[in-house]
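Below is the file entry.txt, which contains compact mmCIF, C-alpha atoms.
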```
# COMPACT_ATOMS: atom_id res chain seq x y z
CA MET G 1472 -6.32 6.26 -13.08
CA ARG G 1473 -4.07 5.25 -10.19
CA THR G 1474 -5.09 5.52 -6.56
CA ALA G 1475 -2.79 7.54 -4.33
CA VAL G 1476 -2.36 6.94 -0.62
CA ILE G 1477 -1.87 10.35 0.97
CA ARG G 1478 -0.74 10.36 4.60
CA VAL G 1479 -1.80 13.26 6.78
CA ASN G 1480 -0.78 13.86 10.38
CA LEU G 1481 -3.94 15.44 11.73
CA ASN G 1482 -2.38 17.11 14.74
CA PRO G 1483 1.45 17.18 14.84
CA ALA G 1484 1.29 19.45 17.90
CA GLY G 1485 -0.56 16.71 19.75
CA ASP G 1486 -2.82 19.17 21.54
CA LEU G 1487 -6.27 18.17 20.28
CA ALA G 1488 -8.59 15.63 21.90
CA SER G 1489 -8.88 12.23 20.22
CA ASP G 1490 -12.65 12.49 19.87
CA ARG G 1491 -12.25 15.69 17.83
CA LEU G 1492 -9.93 13.86 15.42
CA ALA G 1493 -12.35 10.93 15.24
CA ALA G 1494 -15.18 13.34 14.41
CA ALA G 1495 -13.08 14.82 11.60
CA VAL G 1496 -12.48 11.35 10.16
CA GLU G 1497 -16.22 10.64 10.29
CA GLU G 1498 -16.87 13.90 8.46
CA LEU G 1499 -14.33 12.96 5.76
CA ARG G 1500 -15.89 9.51 5.36
CA SER G 1501 -19.43 10.88 5.25
CA SER G 1502 -18.37 13.10 2.34
CA GLY G 1503 -17.46 9.96 0.38
CA LEU G 1504 -13.72 9.82 0.97
CA GLU G 1505 -11.99 6.52 1.67
CA VAL G 1506 -10.00 6.99 4.87
CA ILE G 1507 -7.74 4.63 6.81
CA ALA G 1508 -7.49 5.79 10.40
CA PRO G 1509 -6.17 4.29 13.63
CA ASP G 1510 -7.81 4.21 17.03
CA PHE G 1511 -6.57 7.64 18.09
CA GLU G 1512 -6.66 6.70 21.76
CA ARG G 1513 -3.95 4.11 21.15
CA VAL G 1514 -1.55 6.28 19.15
CA PRO G 1515 1.00 8.77 20.56
CA ALA G 1516 -0.45 12.30 20.42
CA GLN G 1517 2.06 13.57 17.85
CA ALA G 1518 1.67 10.55 15.54
CA ARG G 1519 -2.06 10.53 14.84
CA GLU G 1520 -1.80 9.96 11.11
CA ILE G 1521 -4.56 9.00 8.68
CA GLU G 1522 -4.45 7.98 5.03
CA LEU G 1523 -6.72 9.25 2.28
CA LEU G 1524 -7.15 7.09 -0.84
CA LEU G 1525 -7.53 9.51 -3.72
CA PRO G 1526 -7.69 9.00 -7.49
CA GLY G 1527 -4.92 10.82 -9.36
CA GLU G 1528 -1.22 10.87 -10.15
CA ASP G 1529 -0.03 14.32 -9.06
CA THR G 1530 1.08 13.66 -5.50
CA ALA G 1531 1.96 17.30 -4.79
CA ALA G 1532 -1.52 18.49 -5.76
CA LEU G 1533 -3.23 15.60 -4.00
CA SER G 1534 -1.21 16.15 -0.82
CA ALA G 1535 -2.06 19.86 -0.80
CA TRP G 1536 -5.73 19.09 -1.35
CA ALA G 1537 -5.76 16.42 1.36
CA GLN G 1538 -4.05 18.69 3.86
CA ASN G 1539 -6.56 21.47 3.25
CA ARG G 1540 -9.51 19.09 3.33
CA CYS G 1541 -8.36 17.62 6.65
CA ALA G 1542 -7.89 21.11 8.10
CA GLU G 1543 -11.42 21.99 7.03
CA ALA G 1544 -12.88 18.81 8.56
CA LEU G 1545 -10.94 19.34 11.77
CA GLY G 1546 -11.58 23.06 12.00
CA ASP G 1547 -7.88 23.59 12.70
CA PRO G 1548 -4.99 24.59 10.41
CA GLY G 1549 -2.64 22.00 11.93
CA PRO G 1550 -2.82 18.94 9.60
CA VAL G 1551 0.38 18.23 7.64
CA ALA G 1552 0.59 15.90 4.64
CA GLY G 1553 3.38 13.32 4.63
CA ALA G 1554 4.58 10.59 2.31
CA ALA G 1555 2.47 9.67 -0.72
CA THR G 1556 2.37 6.20 -2.26
CA PHE G 1557 0.18 4.40 -4.78
CA LEU G 1558 -1.96 1.29 -4.60
CA SER G 1559 -1.32 -1.33 -7.25
CA ARG G 1560 -4.15 -3.30 -8.79
CA GLY G 1561 -1.91 -4.72 -11.49
CA THR G 1562 -3.02 -2.41 -14.29
CA ASP G 1563 -0.91 -0.98 -17.10
CA GLU G 1564 -1.12 2.39 -15.36
CA ASP G 1565 0.38 0.80 -12.27
CA VAL G 1566 3.23 -0.62 -14.36
CA LEU G 1567 3.95 2.77 -15.91
CA GLY G 1568 3.74 4.43 -12.51
CA VAL G 1569 6.32 2.07 -11.01
CA VAL G 1570 8.57 2.53 -14.03
CA SER G 1571 8.26 6.29 -13.81
CA ALA G 1572 9.20 6.20 -10.11
CA PHE G 1573 12.53 4.79 -11.30
CA GLY G 1574 12.87 7.75 -13.67
CA LEU G 1575 12.08 5.76 -16.82
CA THR G 1576 9.45 5.48 -19.52
CA ALA G 1577 8.17 2.21 -20.96
CA SER G 1578 5.57 0.51 -23.09
CA VAL G 1579 3.60 -2.50 -21.83
CA GLU G 1580 2.36 -5.61 -23.61
CA ARG G 1581 0.45 -8.49 -22.07
CA SER G 1582 0.33 -12.08 -23.28
CA TRP G 1583 -0.43 -15.53 -21.93
CA ASN G 1584 1.90 -18.52 -21.67
CA ASN G 1585 0.36 -21.80 -20.46
CA ASP G 1586 -2.42 -19.97 -18.57
CA GLU G 1587 0.06 -17.62 -16.92
CA GLU G 1588 0.06 -13.93 -17.69
CA VAL G 1589 3.31 -12.47 -19.02
CA VAL G 1590 3.87 -8.73 -18.99
CA THR G 1591 6.58 -7.44 -21.32
CA VAL G 1592 7.90 -4.03 -20.36
CA THR G 1593 9.94 -2.32 -23.06
CA ILE G 1594 12.43 0.30 -21.87
CA PRO G 1595 14.19 2.66 -24.34
CA ARG G 1596 17.63 1.28 -25.16
CA ALA G 1597 19.14 4.66 -24.31
CA ASP G 1598 18.03 4.15 -20.69
CA ALA G 1599 19.48 0.64 -20.40
CA ARG G 1600 22.75 1.66 -18.76
CA ARG G 1601 21.06 3.61 -15.99
CA THR G 1602 18.34 1.07 -15.31
CA PRO G 1603 18.73 -0.89 -12.08
CA GLU G 1604 17.18 -3.86 -13.83
CA SER G 1605 16.93 -6.31 -10.92
CA ARG G 1606 15.40 -3.61 -8.69
CA LEU G 1607 12.95 -2.65 -11.37
CA HIS G 1608 12.10 -6.28 -12.05
CA THR G 1609 11.26 -7.16 -8.44
CA ALA G 1610 9.26 -3.93 -8.05
CA LEU G 1611 7.24 -4.75 -11.16
CA GLU G 1612 6.63 -8.40 -10.24
CA ALA G 1613 5.39 -7.26 -6.82
CA ALA G 1614 3.12 -4.64 -8.38
CA LEU G 1615 1.68 -7.13 -10.88
CA ASN G 1616 1.95 -10.59 -9.31
CA ALA G 1617 2.68 -11.78 -12.85
CA GLU G 1618 5.76 -12.79 -14.84
CA VAL G 1619 7.59 -9.68 -16.00
CA ARG G 1620 10.01 -9.57 -18.90
CA ILE G 1621 12.05 -6.41 -19.33
CA VAL G 1622 13.32 -5.80 -22.84
CA TYR G 1623 15.11 -2.86 -24.39
CA GLY G 1624 13.80 -1.20 -27.52
CA GLU G 1625 14.51 1.85 -29.63
CA SER G 1626 11.69 3.96 -28.24
CA CYS G 1627 8.42 3.73 -26.32
CA MET Z 524 -11.59 -18.69 -1.86
CA CYS Z 525 -12.83 -20.29 1.36
CA ALA Z 526 -15.33 -19.95 4.17
CA GLU Z 527 -14.95 -16.88 6.36
CA ASP Z 528 -14.32 -18.96 9.49
CA GLU Z 529 -11.33 -20.69 7.89
CA ILE Z 530 -9.33 -17.49 8.43
CA PRO Z 531 -9.96 -16.39 12.02
CA ALA Z 532 -8.88 -12.93 13.18
CA GLY Z 533 -5.12 -12.63 13.38
CA THR Z 534 -4.46 -15.42 10.85
CA HIS Z 535 -4.03 -15.74 7.10
CA LYS Z 536 -3.99 -18.21 4.23
CA VAL Z 537 -2.07 -18.16 0.96
CA PHE Z 538 -3.89 -19.03 -2.25
CA PRO Z 539 -2.41 -19.89 -5.67
CA ILE Z 540 -3.37 -16.70 -7.47
CA GLY Z 541 -1.03 -15.10 -9.99
CA ARG Z 542 2.68 -15.86 -10.27
CA HIS Z 543 3.56 -15.74 -6.58
CA GLY Z 544 0.31 -16.44 -4.74
CA VAL Z 545 -1.89 -14.16 -2.67
CA GLY Z 546 -2.13 -14.01 1.11
CA VAL Z 547 -5.57 -13.29 2.57
CA TYR Z 548 -5.35 -11.77 6.06
CA ASN Z 549 -8.01 -11.27 8.69
CA VAL Z 550 -7.23 -8.13 10.69
CA ASN Z 551 -9.85 -7.85 13.42
CA GLY Z 552 -12.61 -8.98 11.08
CA VAL Z 553 -11.47 -6.98 8.04
CA PHE Z 554 -9.97 -9.04 5.21
CA TYR Z 555 -7.05 -7.93 3.06
CA ALA Z 556 -5.38 -9.70 0.13
CA ILE Z 557 -1.80 -9.03 -0.93
CA ALA Z 558 0.66 -10.63 -3.36
CA ASN Z 559 3.14 -13.02 -1.76
CA TYR Z 560 6.22 -11.26 -3.14
CA CYS Z 561 8.46 -8.62 -1.62
CA PRO Z 562 9.49 -5.79 -4.00
CA HIS Z 563 12.90 -5.57 -2.33
CA GLU Z 564 14.46 -8.87 -3.37
CA GLY Z 565 11.50 -11.11 -4.07
CA GLY Z 566 11.15 -12.73 -0.64
CA PRO Z 567 8.10 -14.83 0.30
CA LEU Z 568 6.30 -11.95 1.95
CA CYS Z 569 3.38 -13.91 3.36
CA THR Z 570 5.63 -16.14 5.47
CA GLY Z 571 6.62 -13.02 7.40
CA ARG Z 572 5.26 -11.79 10.70
CA VAL Z 573 2.29 -9.50 11.13
CA HIS Z 574 2.87 -6.65 13.54
CA GLY Z 575 2.27 -2.93 14.01
CA ARG Z 576 4.34 0.06 12.97
CA SER Z 577 6.90 1.84 15.15
CA VAL Z 578 6.48 5.57 15.64
CA VAL Z 579 8.39 8.12 17.68
CA SER Z 580 6.93 8.51 21.15
CA ASP Z 581 8.91 10.63 23.57
CA ASP Z 582 6.91 9.39 26.53
CA ALA Z 583 7.46 5.68 25.85
CA PRO Z 584 10.43 3.66 27.11
CA GLY Z 585 13.04 3.68 24.34
CA GLY Z 586 11.36 6.61 22.64
CA ALA Z 587 9.16 4.54 20.32
CA SER Z 588 5.72 2.95 20.37
CA VAL Z 589 4.07 0.35 18.17
CA VAL Z 590 0.78 1.47 16.64
CA ARG Z 591 -1.92 -0.26 14.56
CA ASP Z 592 -0.89 -3.71 15.72
CA GLY Z 593 -1.63 -6.45 13.18
CA GLU Z 594 -1.99 -4.11 10.21
CA PHE Z 595 1.54 -4.43 8.78
CA LEU Z 596 3.32 -7.38 7.19
CA TYR Z 597 7.12 -7.80 7.44
CA CYS Z 598 9.13 -9.75 4.86
CA PRO Z 599 11.10 -12.56 6.53
CA TRP Z 600 14.22 -11.90 4.46
CA HIS Z 601 15.07 -8.29 5.36
CA GLN Z 602 12.15 -7.12 7.51
CA TRP Z 603 10.77 -4.60 5.06
CA GLY Z 604 7.30 -3.72 6.35
CA PHE Z 605 4.18 -3.08 4.29
CA GLU Z 606 0.70 -1.95 5.19
CA LEU Z 607 -1.76 -4.75 4.46
CA ALA Z 608 -4.52 -2.33 3.45
CA THR Z 609 -2.48 -0.62 0.73
CA GLY Z 610 0.56 -2.82 -0.03
CA THR Z 611 2.82 0.20 0.36
CA THR Z 612 5.46 1.65 2.66
CA ALA Z 613 6.22 5.32 3.21
CA VAL Z 614 9.92 4.41 3.28
CA LYS Z 615 10.01 3.43 -0.41
CA PRO Z 616 7.22 5.20 -2.28
CA GLU Z 617 8.25 3.59 -5.58
CA TRP Z 618 7.20 0.19 -4.27
CA SER Z 619 3.56 -0.90 -4.53
CA ILE Z 620 2.69 -4.52 -3.87
CA ARG Z 621 -0.40 -5.68 -5.69
CA THR Z 622 -3.42 -5.81 -3.44
CA TYR Z 623 -6.83 -7.22 -4.25
CA PRO Z 624 -10.28 -6.11 -3.11
CA VAL Z 625 -11.87 -8.69 -0.78
CA LYS Z 626 -15.59 -9.21 -0.25
CA VAL Z 627 -17.43 -11.49 2.14
CA VAL Z 628 -20.63 -12.86 0.63
CA ASP Z 629 -22.73 -15.46 2.49
CA HIS Z 630 -19.77 -16.04 4.85
CA LYS Z 631 -17.51 -16.86 1.90
CA ILE Z 632 -14.37 -14.86 1.13
CA ILE Z 633 -14.14 -13.60 -2.44
CA VAL Z 634 -10.93 -12.06 -3.80
CA THR Z 635 -11.47 -10.00 -6.95
CA GLY Z 636 -8.87 -9.07 -9.56
```

Rewrite the structure of this file - the entire thing - as structure tokens.
Amino acid sequence: MRTAVIRVNLNPAGDLASDRLAAAVEELRSSGLEVIAPDFERVPAQAREIELLLPGEDTAALSAWAQNRCAEALGDPGPVAGAATFLSRGTDEDVLGVVSAFGLTASVERSWNNDEEVVTVTIPRADARRTPESRLHTALEAALNAEVRIVYGESC
Amino acid sequence: MCAEDEIPAGTHKVFPIGRHGVGVYNVNGVFYAIANYCPHEGGPLCTGRVHGRSVVSDDAPGGASVVRDGEFLYCPWHQWGFELATGTTAVKPEWSIRTYPVKVVDHKIIVTG
């Protein structure tokens, strides 16, 4: 399963004290959540954003959950979820996630060539004309840190 | 990979891992590892500068402030910025740079796949 990075602005109104936000982050962490948070004292009041690392693929559901969970920890209905992204650990799920972000489907095969991993990503031939291949290729090589070969097949 | 004190806070080293290499960064004592490849056009990400992120701040001169200094890496080719901890940017959610868990054991840095 992929890991989503869900951004939540804890207090867009900027009217809560920093120590209250820090206490909410501690509460989230003590419940087992992985949270990336800034030093709230050094961030403009309206931009005090944290990130929750959550397993899952449905960003809408994860964002809604994160927003509610942050509101509960803070004791205030103010938190607002923002952009959602995904970590990449170079797995097949990460490959398929990147491909799907480009609106495509694919199948993935891994092989080795002179001690270097090669990942072959097969895209349906019907999608070839609307595939921004160079964009997809650089995105996949960054997500994998491995050689990527994009080929077109009949189906996936 | 190396001894912990070979990468002091605020510095990094690039190691020959994977197709493009992996940069290991020390951000105030916390180590992060990220692939040396920009998802935009394939630039050598780890030769870029490390900085913070700009956010709107009505009270600051120019209307913007830099937050979380040292936690973001900017590609030298086109200045795309990525969070070291996650390898992502909110500007382009479809991009995810491969990151690697880092452990420090007996003062040695270990990057795991």

Interatomic distance, atom CA of Ser1582 of chain G to atom CA of Leu607 of chain Z (Å, one decimal):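 Rounded to one decimal, the two atoms are 28.8 Å apart.
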
Expected answer as JSON, numbers by chain: chain Z residues within 9 Å of chain G, all atoms listed in the file: {"Z": [540, 541, 542, 543, 544, 545, 558, 559, 560, 561, 562, 563, 564, 565, 578, 579, 580, 581, 582, 583, 588, 589, 590, 591, 608, 609, 610, 611, 612, 613, 614, 615, 616, 617, 618, 619, 620, 621, 622, 623, 624, 636]}

Gap from atom CA of Thr534 of chain Z to atom CA of Asn551 of chain Z - Å, one decimal: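 These two atoms are separated by 9.6 Å.
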
9 Å contact set for Val634 of chain Z, all atoms listed in the file, chain neighbours under 3 positions out, as a PyMOL selection string: chain Z and resi 524+547+555-556+623-627

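Here atom CA of Ser1578 of chain G and atom CA of Ile1621 of chain G stand 10.2 Å from one another.
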
Pick from G:Asp1529, G:Ile1521, G:Arg1473, G:Arg1601, whichever lies nearest to Glu1497 of chain G using only C-alpha atoms: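 Comparing G:Asp1529, G:Ile1521, G:Arg1473, G:Arg1601 against Glu1497 of chain G, the winner is G:Ile1521.
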
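Here the question is which of Z:Gly586, Z:Gly593, Z:Gly552, Z:Pro567 gets nearest to Ala532 of chain Z using all atoms listed in the file, and that residue is Z:Gly552.
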
Around all the atoms of segment 1594-1600 of chain G listed in the file, draw an axis-aligned box and extend it by 6 Å on each of the six sides; I want its centre and edge lengths in Å to one decimal, as AutoDock Vina command-line options.
```
--center_x 17.6 --center_y 2.5 --center_z -22.0 --size_x 22.3 --size_y 16.4 --size_z 18.4
```

Nearby residues (only C-alpha atoms) at most 12 Å from Thr1576 of chain G, same-chain spacing under 4 positions excluded, as a list in words: Glu1564, Val1566, Leu1567, Gly1568, Val1569, Val1570, Ser1571, Ala1572, Val1592, Thr1593, Ile1594, Pro1595, Arg1596, Ala1597, Asp1598, Ala1599, Thr1602, Tyr1623, Gly1624, Glu1625, Ser1626 and Cys1627 of chain G

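For the point (-8.9, 18.7, 10.3), the residues with an atom at a distance of at most 10 Å are Val1479, Asn1480, Leu1481, Asn1482, Arg1491, Leu1492, Ala1493, Ala1494, Ala1495, Val1496, Glu1498, Leu1499, Ala1537, Gln1538, Asn1539, Arg1540, Cys1541, Ala1542, Glu1543, Ala1544, Leu1545, Gly1546, Asp1547, Pro1548, Gly1549, Pro1550 and Val1551 of chain G, counting all atoms listed in the file.
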
Which residue of G:Thr1591, G:Gly1574, G:Leu1523, G:Pro1603 approaches Val1622 of chain G most closely, using all atoms listed in the file: G:Thr1591

Thr570 of chain Z environment, 9 Å, only C-alpha atoms, sequence neighbours closer than 4 positions dropped, as a PyMOL selection string: chain Z and resi 559+566+597-599

Store the residues of this selection in a file with C-alpha atoms, as a PDB file, in the frame of the given file.
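Everything below was put into result_36.pdb:
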```pdb
ATOM      1  CA  ASN Z 559       3.140 -13.020  -1.760  1.00  0.00           C
ATOM      2  CA  GLY Z 566      11.150 -12.730  -0.640  1.00  0.00           C
ATOM      3  CA  TYR Z 597       7.120  -7.800   7.440  1.00  0.00           C
ATOM      4  CA  CYS Z 598       9.130  -9.750   4.860  1.00  0.00           C
ATOM      5  CA  PRO Z 599      11.100 -12.560   6.530  1.00  0.00           C
TER       6      PRO Z 599
END
```
